[in-house]
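Q: The structure follows.
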Amino acid sequence: MKIGSLCTGYGGLDMAAEAFFDAKTVWTSEFDKYASVIVEKRIGKPNLGDLTKIDWHMVEQVDILTAGYPCQPFSHAGHRKGSDDKRHIWPHILKGISVLRPRIVILENVRGHLTIGFREVLGDLAEIGYDAKWQVIRASDVGAPHQRARLFIVATDSNSDARQEPRRADTGLRAEASQILNGADRQVNRCSVKDVTNADDNGLQGIEPGRYEAPLSTAAITTINPSSQCGSHDGQLQELGLGSIARFDMSMQEVPNPLDKDGKLNAAFVEYMMGLPNGWVTDVGLSRSQQLKILGNGVVPQQAYYALKMICSNEAMHSSGLGRVR
């Protein structure tokens, strides 16, 4: 299976997708010149550059499209301008999905996205014929010593077999695209094309971030079995120094000093906190400030892998034409 990576950064989301689906990244899209250094040296696949300027009709088809798109329009750490933020590039990502029609789309953003822009994303996906499932997962849920709650969305092409023209929901109902199918604890939230099309005009009055977050117990985390039906390609990940990607393993490497020789935050320590192999970001010739910026925008691979495991049931993937999830 082939992966196309948008907003690649250091490739954390792609590490998880590659391991979970036994897939390979075939192209990337990263416009930041410093992050592009990491893409070149660590990933080594073609970089399409600025995704807002890509001619999608000229891009190689992929089975999976990943995108950890900029969080600044939605983050509580910023001004939360949403679509009014110049860094809001979701419409360009949507265009890529519309043209490429990957069977699976994997998206990642901050938890604050739930209250700004999330309805629009689900509505847009439904309009082009994609069913979505989502969950908020914390880095601490896989053993990392920090919270870093993130929203993960997995969308599947409801027309993947027939490759019909994209369905379009009534635009008057797009604001109701975030309708939730309520259920027991740890249920993954879902939104299908049918849900949007049949939504009541009154719908829900708002989105409360807390209701989307599954209460994850320690037992639920430690019972992840790398040899289970969803699989784990540990050999590949051990070569990267990640060990079993199902869990953040603090014993895999020596913990770097939190401060560098100048008494400032050590980028190597942040790299470790993000669950990355030693030197993945800090040993490619970038300055400390450049390293910290890239790391701050990155995805914890183990966290993303666990999100995929939570979201991607065999039933859901079967409907996308992929059959059993590895």
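Going through the structure tokens in order, the chains are called A, B, and so on, while each chain numbers its residues from 1 and the ligands are numbered from 1 in the order shown.
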Run DSSP on the backbone and give me the residues of stretch 32-154 of chain A it puts in strand (DSSP E or B), as a count of residues only.
A: 25
Q: For A:Phe248, list every protein, DNA or RNA residue within 7 Å, evaluated using only C-alpha atoms, and leave out those in the same chain fewer than 3 positions away; present the list as a compact mmCIF listing (two decimals) with C-alpha atoms, in the first residue's frame.
A:
```txt
# COMPACT_ATOMS: atom_id res chain seq x y z
CA VAL A 142 0.78 5.37 25.47
CA GLY A 143 3.21 6.01 28.30
CA ALA A 144 4.75 9.35 27.33
CA ILE A 245 5.31 1.47 18.38
CA GLY A 275 9.07 9.35 21.00
CA GLN A 302 3.30 5.85 19.25
```
Q: When distances are computed from only C-alpha atoms, which of A:Asp157, A:Asp50, A:Asp262, A:Glu60 shows the smallest separation from A:Trp27?
A: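 Closest to A:Trp27, using only C-alpha atoms: A:Glu60.
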Q: When you draw a straight line from atom CA of A:Lys309 to atom CA of A:Gln135, how long is it in Å?
A: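 Here the two named atoms are 10.8 Å from each other.
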Q: Could you jot down the atom CA of A:Ser158 to atom CA of A:Lys95 separation for me, Å, one decimal place?
A: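 Answer for the atom CA of A:Ser158 to atom CA of A:Lys95 separation: 17.0 Å.
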Q: I need the residue nearest A:Val105 from this list: A:Gln147, A:Thr8, A:Thr66, A:Asn47. Use only C-alpha atoms for the distance.
A: A:Thr66
Q: To one decimal place, how far is atom CA of A:Ala139 from atom CA of A:Tyr305 in Å?
A: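 Atom CA of A:Tyr305 lies at a distance of 10.7 Å from atom CA of A:Ala139.
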Q: Out of A:Asp32, A:Glu108, A:Asp260, A:Glu120, which residue has the shortest atom-to-atom distance to A:Gly12 when counting only C-alpha atoms?
A: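 Nearest candidate to A:Gly12 out of A:Asp32, A:Glu108, A:Asp260, A:Glu120: A:Glu108.
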Q: With only C-alpha atoms as the counted atoms, please give the residues lying no more than 8 Å from A:Ala23, apart from itself and same-chain residues fewer than 5 positions off, as a list of chain:residue names.
A: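 Once the nearby chain positions are removed, what remains is A:Met1, A:Lys2, A:Ile3, A:Ala17, A:Glu18.
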Q: Could the residues in this selection be saved with N, CA and C atoms as a short mmCIF file (atom, residue, chain, number, x, y, z; two decimals), in the first residue's frame?
A:
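For reference, again_5.cif as written:
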```cif
data_model
loop_
_atom_site.label_atom_id
_atom_site.label_comp_id
_atom_site.auth_asym_id
_atom_site.auth_seq_id
_atom_site.Cartn_x
_atom_site.Cartn_y
_atom_site.Cartn_z
N MET A 1 0.84 -1.20 0.00
CA MET A 1 0.00 0.00 0.00
C MET A 1 0.87 1.25 0.00
N LYS A 2 0.39 2.29 -0.66
CA LYS A 2 1.14 3.52 -0.82
C LYS A 2 0.54 4.64 0.02
N ILE A 3 1.44 5.42 0.63
CA ILE A 3 1.03 6.57 1.44
C ILE A 3 1.52 7.86 0.78
N ALA A 17 1.37 5.30 10.38
CA ALA A 17 0.57 4.74 9.29
C ALA A 17 1.32 3.61 8.58
N GLU A 18 2.62 3.79 8.38
CA GLU A 18 3.42 2.75 7.74
C GLU A 18 3.41 1.47 8.56
#
```
